[in-house]
$ cat entry-v5.cif   # mmCIF, C-alpha atoms and all ligand atoms
data_run
loop_
_atom_site.label_atom_id
_atom_site.label_comp_id
_atom_site.auth_asym_id
_atom_site.auth_seq_id
_atom_site.Cartn_x
_atom_site.Cartn_y
_atom_site.Cartn_z
CA MET A 19 -30.32 1.81 64.34
CA ILE A 20 -27.32 1.31 66.63
CA ILE A 21 -25.01 -1.13 64.92
CA LYS A 22 -22.57 -3.31 66.82
CA PRO A 23 -20.49 -6.25 65.57
CA LYS A 24 -22.15 -9.65 65.79
CA ILE A 25 -19.45 -12.23 65.26
CA ARG A 26 -20.40 -15.83 64.49
CA GLY A 27 -17.31 -17.97 64.06
CA PHE A 28 -15.28 -16.45 61.28
CA ILE A 29 -17.96 -14.09 59.99
CA CYS A 30 -19.52 -10.92 61.27
CA THR A 31 -23.21 -10.71 60.41
CA THR A 32 -23.50 -6.94 60.78
CA ALA A 33 -21.66 -4.05 59.10
CA HIS A 34 -21.46 -0.35 59.84
CA PRO A 35 -22.11 2.02 56.90
CA GLU A 36 -20.04 4.89 58.25
CA GLY A 37 -17.25 2.62 59.42
CA CYS A 38 -17.08 0.98 55.99
CA ALA A 39 -16.93 4.43 54.43
CA ALA A 40 -14.07 5.32 56.80
CA HIS A 41 -12.27 2.15 55.72
CA VAL A 42 -12.69 3.02 52.04
CA ASN A 43 -11.65 6.63 52.59
CA ARG A 44 -8.49 5.62 54.44
CA GLN A 45 -7.53 3.48 51.45
CA ILE A 46 -8.28 6.36 49.07
CA ASP A 47 -6.10 8.67 51.18
CA TYR A 48 -3.26 6.17 51.10
CA ILE A 49 -3.38 6.06 47.30
CA LYS A 50 -3.63 9.83 46.96
CA ASP A 51 -0.52 10.18 49.13
CA ASN A 52 1.43 7.98 46.74
CA THR A 53 2.83 8.90 43.38
CA ALA A 54 0.29 8.76 40.57
CA ILE A 55 0.80 6.00 38.01
CA GLN A 56 0.33 6.31 34.27
CA GLY A 57 -1.58 3.13 33.61
CA ALA A 58 -5.04 1.87 32.82
CA LYS A 59 -7.89 4.31 32.28
CA LYS A 60 -10.93 2.08 31.76
CA VAL A 61 -11.10 -0.67 34.30
CA LEU A 62 -13.47 -3.53 35.05
CA VAL A 63 -13.11 -5.15 38.47
CA ILE A 64 -14.94 -8.42 39.10
CA GLY A 65 -15.14 -9.03 42.86
CA ALA A 66 -14.80 -5.30 43.54
CA SER A 67 -16.45 -4.76 46.91
CA THR A 68 -14.02 -6.05 49.55
CA GLY A 69 -10.43 -7.20 50.03
CA TYR A 70 -8.05 -7.21 47.10
CA GLY A 71 -10.68 -6.32 44.49
CA LEU A 72 -11.82 -3.21 46.34
CA ALA A 73 -8.23 -2.10 46.90
CA SER A 74 -7.49 -2.63 43.19
CA ARG A 75 -10.50 -0.53 42.24
CA ILE A 76 -9.47 2.26 44.61
CA ALA A 77 -5.89 2.22 43.34
CA ALA A 78 -7.13 2.22 39.72
CA SER A 79 -9.26 5.33 40.16
CA PHE A 80 -7.32 7.37 42.65
CA GLY A 81 -3.83 6.26 41.58
CA MET A 82 -4.23 5.99 37.80
CA GLY A 83 -7.25 8.24 37.24
CA ALA A 84 -9.32 5.37 35.85
CA ASP A 85 -13.04 5.11 35.31
CA THR A 86 -14.29 1.85 36.79
CA ILE A 87 -17.12 -0.61 36.73
CA GLY A 88 -17.24 -3.02 39.65
CA VAL A 89 -19.12 -6.31 39.89
CA SER A 90 -19.83 -7.90 43.26
CA TYR A 91 -22.42 -9.96 45.08
CA GLU A 92 -23.55 -8.15 48.19
CA ARG A 93 -26.62 -7.91 50.39
CA PRO A 94 -28.58 -4.67 50.73
CA ALA A 95 -30.11 -3.75 54.09
CA SER A 96 -33.54 -5.20 54.79
CA GLU A 97 -35.97 -5.56 57.66
CA GLY A 98 -33.72 -4.41 60.45
CA ARG A 99 -30.65 -6.17 59.03
CA THR A 100 -27.67 -4.17 57.97
CA ALA A 101 -26.34 -4.47 54.44
CA SER A 102 -23.14 -6.45 53.97
CA ALA A 103 -19.82 -4.63 54.28
CA GLY A 104 -19.21 -4.90 50.55
CA TRP A 105 -22.47 -3.11 49.87
CA TYR A 106 -21.46 -0.17 52.07
CA ASN A 107 -17.93 -0.17 50.64
CA THR A 108 -19.30 0.05 47.13
CA VAL A 109 -21.57 2.98 47.99
CA ALA A 110 -18.69 4.80 49.70
CA PHE A 111 -16.35 4.16 46.77
CA GLU A 112 -18.85 5.33 44.17
CA ARG A 113 -19.60 8.50 46.08
CA ALA A 114 -15.91 9.37 46.48
CA ALA A 115 -14.94 8.44 42.93
CA ARG A 116 -17.79 10.39 41.36
CA ALA A 117 -17.06 13.40 43.57
CA ALA A 118 -13.48 13.27 42.24
CA GLY A 119 -14.76 13.25 38.66
CA TYR A 120 -14.36 9.58 37.75
CA ILE A 121 -17.00 7.31 36.29
CA ALA A 122 -17.86 4.70 38.91
CA GLU A 123 -20.68 2.24 38.26
CA SER A 124 -21.44 -1.02 39.98
CA ILE A 125 -23.39 -4.18 39.31
CA ASN A 126 -24.62 -6.34 42.14
CA GLY A 127 -25.29 -9.96 41.24
CA ASP A 128 -23.78 -13.35 40.51
CA ALA A 129 -20.69 -12.81 38.36
CA PHE A 130 -20.73 -16.50 37.44
CA SER A 131 -24.05 -16.15 35.60
CA HIS A 132 -24.56 -15.33 31.91
CA GLU A 133 -27.11 -12.67 32.90
CA ILE A 134 -24.73 -10.61 35.02
CA LYS A 135 -22.02 -10.89 32.37
CA GLN A 136 -24.42 -9.57 29.73
CA GLU A 137 -25.64 -6.79 32.03
CA THR A 138 -22.05 -5.80 32.73
CA LEU A 139 -21.08 -5.79 29.04
CA LYS A 140 -23.97 -3.45 28.33
CA LEU A 141 -22.86 -1.08 31.06
CA VAL A 142 -19.21 -1.26 29.99
CA LYS A 143 -20.20 -0.38 26.42
CA GLU A 144 -22.37 2.50 27.59
CA LYS A 145 -20.08 4.01 30.22
CA LEU A 146 -16.49 3.00 29.44
CA GLY A 147 -16.18 1.76 25.90
CA LYS A 148 -13.22 -0.61 25.53
CA VAL A 149 -11.47 -1.64 28.74
CA ASP A 150 -7.70 -1.70 29.20
CA LEU A 151 -7.60 -3.54 32.53
CA ILE A 152 -9.77 -6.35 33.87
CA VAL A 153 -9.15 -7.43 37.46
CA TYR A 154 -10.67 -10.76 38.44
CA SER A 155 -10.84 -10.97 42.26
CA VAL A 156 -13.83 -13.16 43.02
CA ALA A 157 -13.58 -15.37 46.10
CA SER A 158 -16.60 -17.55 46.67
CA PRO A 159 -17.48 -20.78 48.45
CA ARG A 160 -19.81 -21.85 45.63
CA ARG A 161 -20.56 -21.43 41.96
CA THR A 162 -23.61 -22.25 39.93
CA HIS A 163 -22.44 -23.23 36.49
CA PRO A 164 -24.03 -20.90 33.92
CA ASP A 165 -24.60 -23.62 31.31
CA THR A 166 -25.81 -26.56 33.41
CA GLY A 167 -27.32 -24.78 36.44
CA GLU A 168 -25.43 -27.20 38.67
CA THR A 169 -24.08 -25.73 41.91
CA PHE A 170 -20.55 -26.66 43.04
CA ASN A 171 -19.11 -26.05 46.51
CA SER A 172 -15.44 -25.44 47.17
CA VAL A 173 -13.75 -27.00 50.19
CA LEU A 174 -10.60 -26.12 52.12
CA LYS A 175 -9.02 -29.51 52.67
CA PRO A 176 -5.67 -31.27 52.32
CA ILE A 177 -5.12 -33.82 49.55
CA GLY A 178 -3.95 -37.39 49.99
CA GLN A 179 -3.64 -37.61 53.75
CA PRO A 180 -5.01 -35.98 56.89
CA PHE A 181 -3.26 -32.80 58.00
CA THR A 182 -2.73 -31.91 61.64
CA ASN A 183 -1.42 -28.56 62.77
CA LYS A 184 -2.02 -25.69 65.16
CA THR A 185 -4.86 -23.28 64.71
CA VAL A 186 -6.25 -20.39 66.72
CA ASN A 187 -9.77 -19.38 67.57
CA THR A 188 -9.28 -15.69 66.82
CA ASN A 189 -12.22 -14.72 69.07
CA THR A 190 -11.06 -16.53 72.21
CA GLY A 191 -7.31 -16.70 71.54
CA VAL A 192 -7.26 -20.45 72.25
CA VAL A 193 -4.58 -22.29 70.30
CA SER A 194 -5.41 -25.91 69.61
CA GLU A 195 -4.54 -28.70 67.25
CA ILE A 196 -6.80 -29.40 64.32
CA THR A 197 -6.89 -32.42 62.05
CA LEU A 198 -8.37 -32.03 58.62
CA GLU A 199 -9.40 -35.06 56.62
CA PRO A 200 -8.31 -35.22 52.97
CA ALA A 201 -10.64 -34.22 50.18
CA THR A 202 -12.25 -36.69 47.82
CA GLN A 203 -11.54 -36.37 44.09
CA GLU A 204 -14.99 -34.89 43.63
CA GLU A 205 -14.29 -32.20 46.23
CA ILE A 206 -11.00 -31.36 44.51
CA ASP A 207 -12.73 -31.08 41.14
CA ASN A 208 -15.53 -28.95 42.57
CA THR A 209 -13.06 -26.56 44.22
CA ILE A 210 -11.32 -26.12 40.86
CA THR A 211 -14.70 -25.44 39.22
CA VAL A 212 -15.45 -22.72 41.79
CA MET A 213 -12.07 -21.05 42.32
CA GLY A 214 -10.10 -22.07 39.20
CA GLY A 215 -9.77 -20.08 36.00
CA GLU A 216 -12.89 -21.05 34.06
CA ASP A 217 -15.01 -18.07 35.02
CA TRP A 218 -12.11 -15.66 34.45
CA SER A 219 -11.75 -16.96 30.89
CA LEU A 220 -15.53 -16.81 30.34
CA TRP A 221 -15.40 -13.11 31.26
CA LEU A 222 -12.58 -12.48 28.80
CA LYS A 223 -14.41 -14.42 26.10
CA ALA A 224 -17.59 -12.40 26.66
CA LEU A 225 -15.66 -9.11 26.56
CA GLU A 226 -13.85 -10.16 23.38
CA GLU A 227 -17.08 -11.21 21.67
CA ALA A 228 -18.61 -7.84 22.52
CA ASP A 229 -15.50 -6.13 21.10
CA LEU A 230 -14.79 -4.42 24.41
CA LEU A 231 -11.07 -5.19 24.77
CA ALA A 232 -8.69 -2.30 24.07
CA ASP A 233 -5.32 -2.74 22.38
CA GLY A 234 -2.68 -3.52 24.98
CA VAL A 235 -5.30 -4.82 27.41
CA THR A 236 -4.13 -6.40 30.67
CA THR A 237 -6.04 -8.81 32.84
CA LEU A 238 -5.13 -9.84 36.36
CA ALA A 239 -6.20 -12.51 38.82
CA TYR A 240 -4.88 -13.14 42.32
CA SER A 241 -3.21 -16.18 43.80
CA TYR A 242 -1.37 -17.27 46.91
CA ILE A 243 1.54 -19.60 47.57
CA GLY A 244 2.63 -19.28 51.22
CA PRO A 245 5.06 -21.22 53.38
CA GLU A 246 5.50 -24.84 54.44
CA ILE A 247 3.34 -24.28 57.54
CA THR A 248 0.19 -23.79 55.48
CA GLU A 249 1.23 -25.82 52.44
CA ALA A 250 -0.91 -28.90 53.15
CA ILE A 251 -4.06 -26.85 53.60
CA TYR A 252 -3.31 -24.17 51.04
CA ARG A 253 -0.95 -24.64 48.12
CA LYS A 254 -0.96 -28.45 48.15
CA GLY A 255 -4.59 -28.58 49.23
CA THR A 256 -7.82 -28.22 47.28
CA ILE A 257 -7.56 -24.44 46.97
CA GLY A 258 -4.00 -24.80 45.67
CA GLN A 259 -5.29 -27.03 42.87
CA ALA A 260 -7.74 -24.28 41.95
CA LYS A 261 -4.89 -21.75 42.00
CA ASN A 262 -2.81 -23.98 39.70
CA ASP A 263 -5.74 -23.94 37.31
CA LEU A 264 -6.07 -20.16 37.61
CA GLU A 265 -2.35 -19.74 36.90
CA ALA A 266 -2.55 -22.04 33.86
CA THR A 267 -5.50 -19.97 32.64
CA ALA A 268 -3.28 -16.86 32.63
CA HIS A 269 -1.04 -18.54 30.03
CA THR A 270 -4.00 -19.54 27.86
CA LEU A 271 -5.47 -16.06 28.08
CA THR A 272 -2.17 -14.42 27.17
CA LYS A 273 -2.17 -16.46 23.95
CA GLN A 274 -5.75 -15.40 23.24
CA LEU A 275 -4.89 -11.77 23.87
CA GLU A 276 -1.98 -11.73 21.41
CA ARG A 277 -4.10 -10.02 18.76
CA TYR A 278 -4.51 -7.09 21.16
CA GLN A 279 -0.87 -7.22 22.28
CA GLY A 280 -2.52 -7.97 25.61
CA LYS A 281 -1.36 -9.96 28.63
CA ALA A 282 -2.93 -11.98 31.41
CA TYR A 283 -1.09 -12.10 34.72
CA VAL A 284 -1.58 -13.83 37.99
CA SER A 285 -0.28 -11.80 40.89
CA VAL A 286 0.75 -13.81 43.94
CA ASN A 287 -0.29 -11.66 46.86
CA LYS A 288 0.49 -11.52 50.54
CA ALA A 289 -1.61 -13.36 53.14
CA LEU A 290 -4.01 -10.84 54.64
CA VAL A 291 -7.12 -10.72 56.77
CA THR A 292 -10.11 -10.72 54.43
CA GLN A 293 -13.52 -12.35 54.68
CA SER A 294 -12.17 -15.21 52.58
CA SER A 295 -8.86 -15.87 54.32
CA SER A 296 -10.42 -15.92 57.80
CA ALA A 297 -12.37 -19.02 56.76
CA ILE A 298 -9.23 -21.11 56.16
CA PRO A 299 -8.12 -23.25 59.13
CA VAL A 300 -4.50 -22.71 60.36
CA VAL A 301 -4.07 -19.60 58.17
CA PRO A 302 -5.29 -16.99 60.74
CA LEU A 303 -2.67 -18.19 63.26
CA TYR A 304 0.00 -18.00 60.58
CA ILE A 305 -1.19 -14.50 59.63
CA SER A 306 -1.07 -13.27 63.20
CA LEU A 307 2.54 -14.48 63.60
CA LEU A 308 3.46 -13.11 60.19
CA PHE A 309 2.03 -9.68 61.00
CA LYS A 310 4.10 -9.44 64.15
CA VAL A 311 7.31 -10.29 62.30
CA MET A 312 6.58 -8.08 59.29
CA LYS A 313 5.68 -5.12 61.49
CA GLU A 314 8.88 -5.49 63.48
CA LYS A 315 10.83 -5.45 60.22
CA GLY A 316 8.85 -2.50 58.82
CA LEU A 317 7.45 -4.66 56.01
CA HIS A 318 3.79 -4.83 56.96
CA GLU A 319 1.25 -4.16 54.21
CA GLY A 320 -2.51 -4.34 53.78
CA CYS A 321 -4.56 -4.81 50.58
CA ILE A 322 -4.19 -1.19 49.53
CA GLU A 323 -0.40 -1.12 49.86
CA GLN A 324 -0.28 -4.32 47.81
CA ALA A 325 -2.54 -2.84 45.13
CA GLN A 326 -0.33 0.24 44.85
CA ARG A 327 2.80 -1.90 44.54
CA LEU A 328 1.08 -4.10 41.95
CA PHE A 329 0.21 -1.21 39.65
CA GLU A 330 3.72 0.22 40.04
CA LYS A 331 5.13 -3.14 38.95
CA LEU A 332 2.68 -3.40 36.07
CA TYR A 333 2.92 0.07 34.64
CA SER A 334 6.16 1.71 35.74
CA GLY A 335 8.72 -0.05 33.59
CA SER A 336 8.98 -1.26 30.05
CA THR A 337 8.85 -4.89 31.21
CA VAL A 338 6.88 -6.47 34.03
CA GLU A 339 9.03 -8.40 36.47
CA THR A 340 7.76 -11.95 37.00
CA ASP A 341 9.01 -15.25 38.38
CA GLU A 342 9.93 -18.15 36.09
CA GLU A 343 6.28 -19.16 35.89
CA GLY A 344 5.30 -15.70 34.66
CA ARG A 345 3.67 -14.64 37.94
CA ILE A 346 3.98 -11.22 39.53
CA ARG A 347 5.25 -11.70 43.10
CA LEU A 348 3.81 -9.31 45.66
CA ASP A 349 4.48 -11.92 48.33
CA ASN A 350 8.22 -11.31 48.03
CA TRP A 351 8.42 -9.62 51.46
CA GLU A 352 6.26 -12.26 53.15
CA MET A 353 8.42 -15.02 51.68
CA ARG A 354 11.76 -13.41 52.55
CA GLU A 355 14.07 -15.92 54.23
CA ASP A 356 14.47 -13.88 57.45
CA VAL A 357 10.70 -13.32 57.74
CA GLN A 358 9.89 -16.99 57.27
CA GLN A 359 12.64 -18.11 59.67
CA ALA A 360 11.20 -15.86 62.38
CA VAL A 361 7.63 -17.07 61.77
CA LYS A 362 8.77 -20.68 61.81
CA ALA A 363 10.58 -20.22 65.12
CA ALA A 364 7.50 -18.59 66.67
CA TRP A 365 5.22 -21.29 65.23
CA SER A 366 7.03 -24.12 66.97
CA GLU A 367 6.59 -22.46 70.37
CA ILE A 368 3.13 -20.96 70.04
CA THR A 369 0.53 -21.82 72.71
CA THR A 370 -2.66 -20.21 74.08
CA GLU A 371 -0.53 -18.65 76.84
CA ASN A 372 1.98 -16.88 74.59
CA VAL A 373 -0.07 -16.20 71.42
CA SER A 374 -0.76 -12.57 72.34
CA GLU A 375 2.92 -11.92 72.86
CA ARG A 376 4.44 -14.01 70.03
CA GLY A 377 1.71 -13.19 67.52
CA ASP A 378 -0.23 -10.08 66.66
CA LEU A 379 -3.71 -11.29 67.47
CA GLU A 380 -4.76 -7.73 68.33
CA GLN A 381 -3.95 -6.55 64.81
CA TYR A 382 -5.70 -9.58 63.37
CA ARG A 383 -8.86 -8.84 65.38
CA LEU A 384 -8.76 -5.15 64.51
CA ASP A 385 -8.28 -5.89 60.81
CA PHE A 386 -11.18 -8.35 60.98
CA LEU A 387 -13.49 -5.84 62.69
CA GLN A 388 -12.49 -3.14 60.25
CA LEU A 389 -13.53 -5.36 57.33
CA PHE A 390 -17.06 -4.77 58.61
CA GLY A 391 -16.63 -1.09 59.47
CA PHE A 392 -15.97 -1.51 63.20
CA GLY A 393 -12.97 -0.46 65.27
CA PHE A 394 -12.47 3.00 63.73
CA GLU A 395 -11.75 5.59 66.39
CA GLU A 396 -13.30 8.40 64.33
CA ILE A 397 -16.71 6.66 64.37
CA ASN A 398 -19.08 6.94 67.34
CA TYR A 399 -20.67 3.51 67.44
CA GLU A 400 -23.25 4.61 70.02
CA LEU A 401 -24.99 6.86 67.50
CA ASP A 402 -28.07 5.92 65.56
CA VAL A 403 -27.33 5.33 61.85
CA ASP A 404 -29.53 4.54 58.89
CA PRO A 405 -28.53 1.11 57.59
CA GLU A 406 -30.17 1.81 54.22
CA VAL A 407 -27.59 3.69 52.19
CA HIS A 408 -27.58 4.12 48.44
CA VAL A 409 -25.46 6.19 46.12
P1 LIG A 501 -12.93 -11.15 49.61
O1 LIG A 501 -13.82 -12.16 50.25
O2 LIG A 501 -12.55 -9.95 50.39
O3 LIG A 501 -13.59 -10.62 48.23
C1 LIG A 501 -14.33 -11.42 47.38
C2 LIG A 501 -15.07 -10.58 46.37
O4 LIG A 501 -15.76 -11.48 45.49
C3 LIG A 501 -16.15 -9.66 46.94
O5 LIG A 501 -16.17 -8.45 46.22
C4 LIG A 501 -17.45 -10.42 46.68
O6 LIG A 501 -18.61 -9.61 46.56
C5 LIG A 501 -17.09 -11.06 45.35
N1 LIG A 501 -17.93 -12.22 45.02
C6 LIG A 501 -18.03 -13.39 45.67
N2 LIG A 501 -18.90 -14.21 45.03
C7 LIG A 501 -19.34 -13.52 43.94
C8 LIG A 501 -20.24 -13.80 42.90
N3 LIG A 501 -20.87 -14.98 42.81
N4 LIG A 501 -20.49 -12.83 41.99
C9 LIG A 501 -19.89 -11.61 42.06
N5 LIG A 501 -18.99 -11.30 43.01
C10 LIG A 501 -18.73 -12.25 43.94
O7 LIG A 501 -11.68 -11.98 49.11
P2 LIG A 501 -10.12 -11.65 48.88
O8 LIG A 501 -9.36 -12.26 49.98
O9 LIG A 501 -9.91 -10.23 48.51
O10 LIG A 501 -9.84 -12.58 47.61
C11 LIG A 501 -9.76 -12.11 46.28
C12 LIG A 501 -8.73 -12.94 45.53
O11 LIG A 501 -7.45 -12.73 46.14
C13 LIG A 501 -8.99 -14.45 45.60
O12 LIG A 501 -8.63 -15.03 44.38
C14 LIG A 501 -8.04 -14.90 46.69
O13 LIG A 501 -7.70 -16.26 46.59
C15 LIG A 501 -6.86 -13.98 46.40
N6 LIG A 501 -5.87 -13.86 47.48
C16 LIG A 501 -6.25 -13.59 48.77
C17 LIG A 501 -5.30 -13.54 49.76
C18 LIG A 501 -5.68 -13.27 51.20
O14 LIG A 501 -4.87 -13.50 52.08
N7 LIG A 501 -6.85 -12.78 51.47
C19 LIG A 501 -3.86 -13.73 49.48
C20 LIG A 501 -3.57 -13.90 48.08
C21 LIG A 501 -4.56 -13.99 47.13
#
$ encode --input "entry-v5.cif" --output "structure tokens"
Amino acid sequence: MIIKPKIRGFICTTAHPEGCAAHVNRQIDYIKDNTAIQGAKKVLVIGASTGYGLASRIAASFGMGADTIGVSYERPASEGRTASAGWYNTVAFERAARAAGYIAESINGDAFSHEIKQETLKLVKEKLGKVDLIVYSVASPRRTHPDTGETFNSVLKPIGQPFTNKTVNTNTGVVSEITLEPATQEEIDNTITVMGGEDWSLWLKALEEADLLADGVTTLAYSYIGPEITEAIYRKGTIGQAKNDLEATAHTLTKQLERYQGKAYVSVNKALVTQSSSAIPVVPLYISLLFKVMKEKGLHEGCIEQAQRLFEKLYSGSTVETDEEGRIRLDNWEMREDVQQAVKAAWSEITTENVSERGDLEQYRLDFLQLFGFGFEEINYELDVDPEVHV
């Protein structure tokens, strides 16, 4: 099969197995080129197949020498359709990690369900024993509650009043104004149910009950804050409410982990192009301006650079540096005064005519394509490839 990108709005419905492997291997190479970290050795990553979760898994194995189990929800290839990118990424990761001598096992299914939790616990017990790091990096538009069977959808909306701002169609480069209507209370509550901390704590509870938490265990989940430009749609919007809940969950979990001398952290990460962030209105335009500024200042990072910096912060000193709310701040370069001033100045002037020059739409598009295994110069996309790959 000859596989080309098929972009529909903010998703790409195809993925390239060899391109995804190239993407994974580049991230592995980056980690191998960095100094090894003495940290966790038995790691469970929930949401392990793309974006921040995948980068965390790569950095755990190739940077800390950890054995890993990854949970994700991906689509295998079928009837002339390619698998999803996360499926190919997982195969590529497992192959590379096993070849390097690490245990690498994966579970594909709904992490929110009791069944997948139980299946994972069984595998953890069998392959890893007790875990010393649990990374929770699930991003999902919906969640079926494991006890009631009710399905909740998350929304990306402002709260209280409509929000109008600029946005870009990243495919056409057209900058326009968008108005988003405020969420209802039910939509806010549902978004918290999907993206808040409940499922993270259910995972920790299940691991504790199965006696699979090691002494000194750490657990991590990821959050975002961002600037004033995106505040109404992000931090003060529905997703921000879910992040507040996630951050509060870290404090509750830390208390629960006291008997293991364990800690739960939320790490506030940088805005990056991932399958999840491209779905948020206004944010892709902000990201493309941010990338331009951060590159000019030599501060640009992707998921893998952030994962490396995170594990350095977590494991290199005797104390972990946090803000006053106890959060690890990997967004410190994004939020630097000079960076934000420059983005703000560009934002006020941005139009369809100058977006390619004032923003880095090219980098945005390339990053987006690469999420699906396209845009790698070492891959010949004219060649026939088998979409059915398995470890
Ligand atoms: P992503 O879309 O790249 O990854 C989501 C992961 O969750 C995938 O591995 C997917 O398979 C898995 N997943 C989704 N539904 C699942 C389910 N029902 N069961 C099992 N696995 C499931 O997302 P990204 O951007 O890496 O997000 C991860 C976390 O990082 C989120 O909490 C997000 O809010 C946070 N974050 C993202 C930032 C960004 O700019 N992308 C910035 C800061 C934080």
$ residues_near_point --input "entry-v5.cif" --point "(-12.5, -4.9, 24.5)" --cutoff "12 Å" --atoms "only C-alpha atoms" --output "ChimeraX atom specification"
/A:60-62,139,142-143,146-152,221-237,275,277-278,280
$ residues_around --input "entry-v5.cif" --residues "A:Pro94" --least-positions-apart "2" --cutoff "12 Å" --atoms "only C-alpha atoms" --output "list of chain:residue names"
A:Thr32, A:Ala33, A:Pro35, A:Ser90, A:Tyr91, A:Glu92, A:Ser96, A:Glu97, A:Gly98, A:Arg99, A:Thr100, A:Ala101, A:Ser102, A:Ala103, A:Gly104, A:Trp105, A:Tyr106, A:Asn107, A:Thr108, A:Val109, A:Asn126, A:Gly127, A:Pro405, A:Glu406, A:Val407, A:His408
$ residues_around --input "entry-v5.cif" --residues "stretch 282-289 of chain A" --least-positions-apart "6" --cutoff "6 Å" --atoms "only C-alpha atoms" --output "list in words"
Thr236, Thr237, Leu238, Ala239, Tyr240, Ser241, Tyr242, Ala268, Leu271, Thr272, Arg345, Ile346, Arg347, Leu348 and Asp349 of chain A
$ residues_around --input "entry-v5.cif" --residues "stretch 163-166 of chain A" --least-positions-apart "4" --cutoff "12 Å" --atoms "all atoms listed in the file" --output "VMD selection string"
chain A and resid 128 to 135 170 to 171 208 211 to 212 216 to 217 220 to 221
$ closest_residue --input "entry-v5.cif" --among "A:Thr248, A:Thr68, A:Ser334, A:Gln388" --to "ligand LIG 501 (chain A)" --atoms "all atoms listed in the file"
A:Thr68
$ residues_around --input "entry-v5.cif" --residues "A:Phe181" --least-positions-apart "6" --cutoff "7 Å" --atoms "only C-alpha atoms" --output "JSON, numbers by chain"
{"A": [197, 198, 199, 250]}
$ atom_distance --input "entry-v5.cif" --atom1 "atom CA of A:Leu328" --atom2 "atom CA of A:Arg160"
27.7 Å
$ closest_residue --input "entry-v5.cif" --among "A:Val186, A:Ile247, A:Ala114, A:Val156" --to "ligand LIG 501 (chain A)" --atoms "all atoms listed in the file"
A:Val156
$ atom_distance --input "entry-v5.cif" --atom1 "atom CA of A:Thr185" --atom2 "atom CA of A:Glu204"
26.1 Å
$ atom_distance --input "entry-v5.cif" --atom1 "atom C11 of ligand LIG 501 (chain A)" --atom2 "atom CA of A:Ala157"
5.0 Å
$ closest_residue --input "entry-v5.cif" --among "A:Tyr154, A:Phe390, A:Phe80, A:Tyr333" --to "ligand LIG 501 (chain A)" --atoms "all atoms listed in the file"
A:Tyr154
$ closest_residue --input "entry-v5.cif" --among "A:Glu276, A:Asp385, A:Glu371, A:Glu144" --to "A:Gly320" --atoms "only C-alpha atoms"
A:Asp385
$ axis_aligned_box --input "entry-v5.cif" --around "ligand LIG 501 (chain A)" --padding-each-side "3 Å" --output "JSON"
{"center_x": -12.2, "center_y": -12.4, "center_z": 47.0, "size_x": 23.3, "size_y": 13.8, "size_z": 16.1}
$ closest_residue --input "entry-v5.cif" --among "A:Glu36, A:Asp207, A:Asp47, A:Glu123" --to "A:Ser67" --atoms "only C-alpha atoms"
A:Glu123
$ closest_residue --input "entry-v5.cif" --among "A:Gln56, A:Gln203, A:Asn183, A:Thr340" --to "A:Tyr304" --atoms "all atoms listed in the file"
A:Asn183
$ residues_around --input "entry-v5.cif" --residues "A:Ala73" --least-positions-apart "4" --cutoff "9 Å" --atoms "only C-alpha atoms" --output "mmCIF file with C-alpha atoms, in the frame of the given file"
data_model
loop_
_atom_site.group_PDB
_atom_site.id
_atom_site.type_symbol
_atom_site.label_atom_id
_atom_site.label_comp_id
_atom_site.auth_asym_id
_atom_site.auth_seq_id
_atom_site.Cartn_x
_atom_site.Cartn_y
_atom_site.Cartn_z
ATOM 1 C CA VAL A 42 -12.690 3.020 52.040
ATOM 2 C CA GLN A 45 -7.530 3.480 51.450
ATOM 3 C CA ILE A 46 -8.280 6.360 49.070
ATOM 4 C CA ALA A 66 -14.800 -5.300 43.540
ATOM 5 C CA SER A 67 -16.450 -4.760 46.910
ATOM 6 C CA THR A 68 -14.020 -6.050 49.550
ATOM 7 C CA GLY A 69 -10.430 -7.200 50.030
ATOM 8 C CA ALA A 77 -5.890 2.220 43.340
ATOM 9 C CA ALA A 78 -7.130 2.220 39.720
ATOM 10 C CA CYS A 321 -4.560 -4.810 50.580
ATOM 11 C CA ILE A 322 -4.190 -1.190 49.530
ATOM 12 C CA GLU A 323 -0.400 -1.120 49.860
ATOM 13 C CA GLN A 324 -0.280 -4.320 47.810
ATOM 14 C CA ALA A 325 -2.540 -2.840 45.130
ATOM 15 C CA GLN A 326 -0.330 0.240 44.850
#
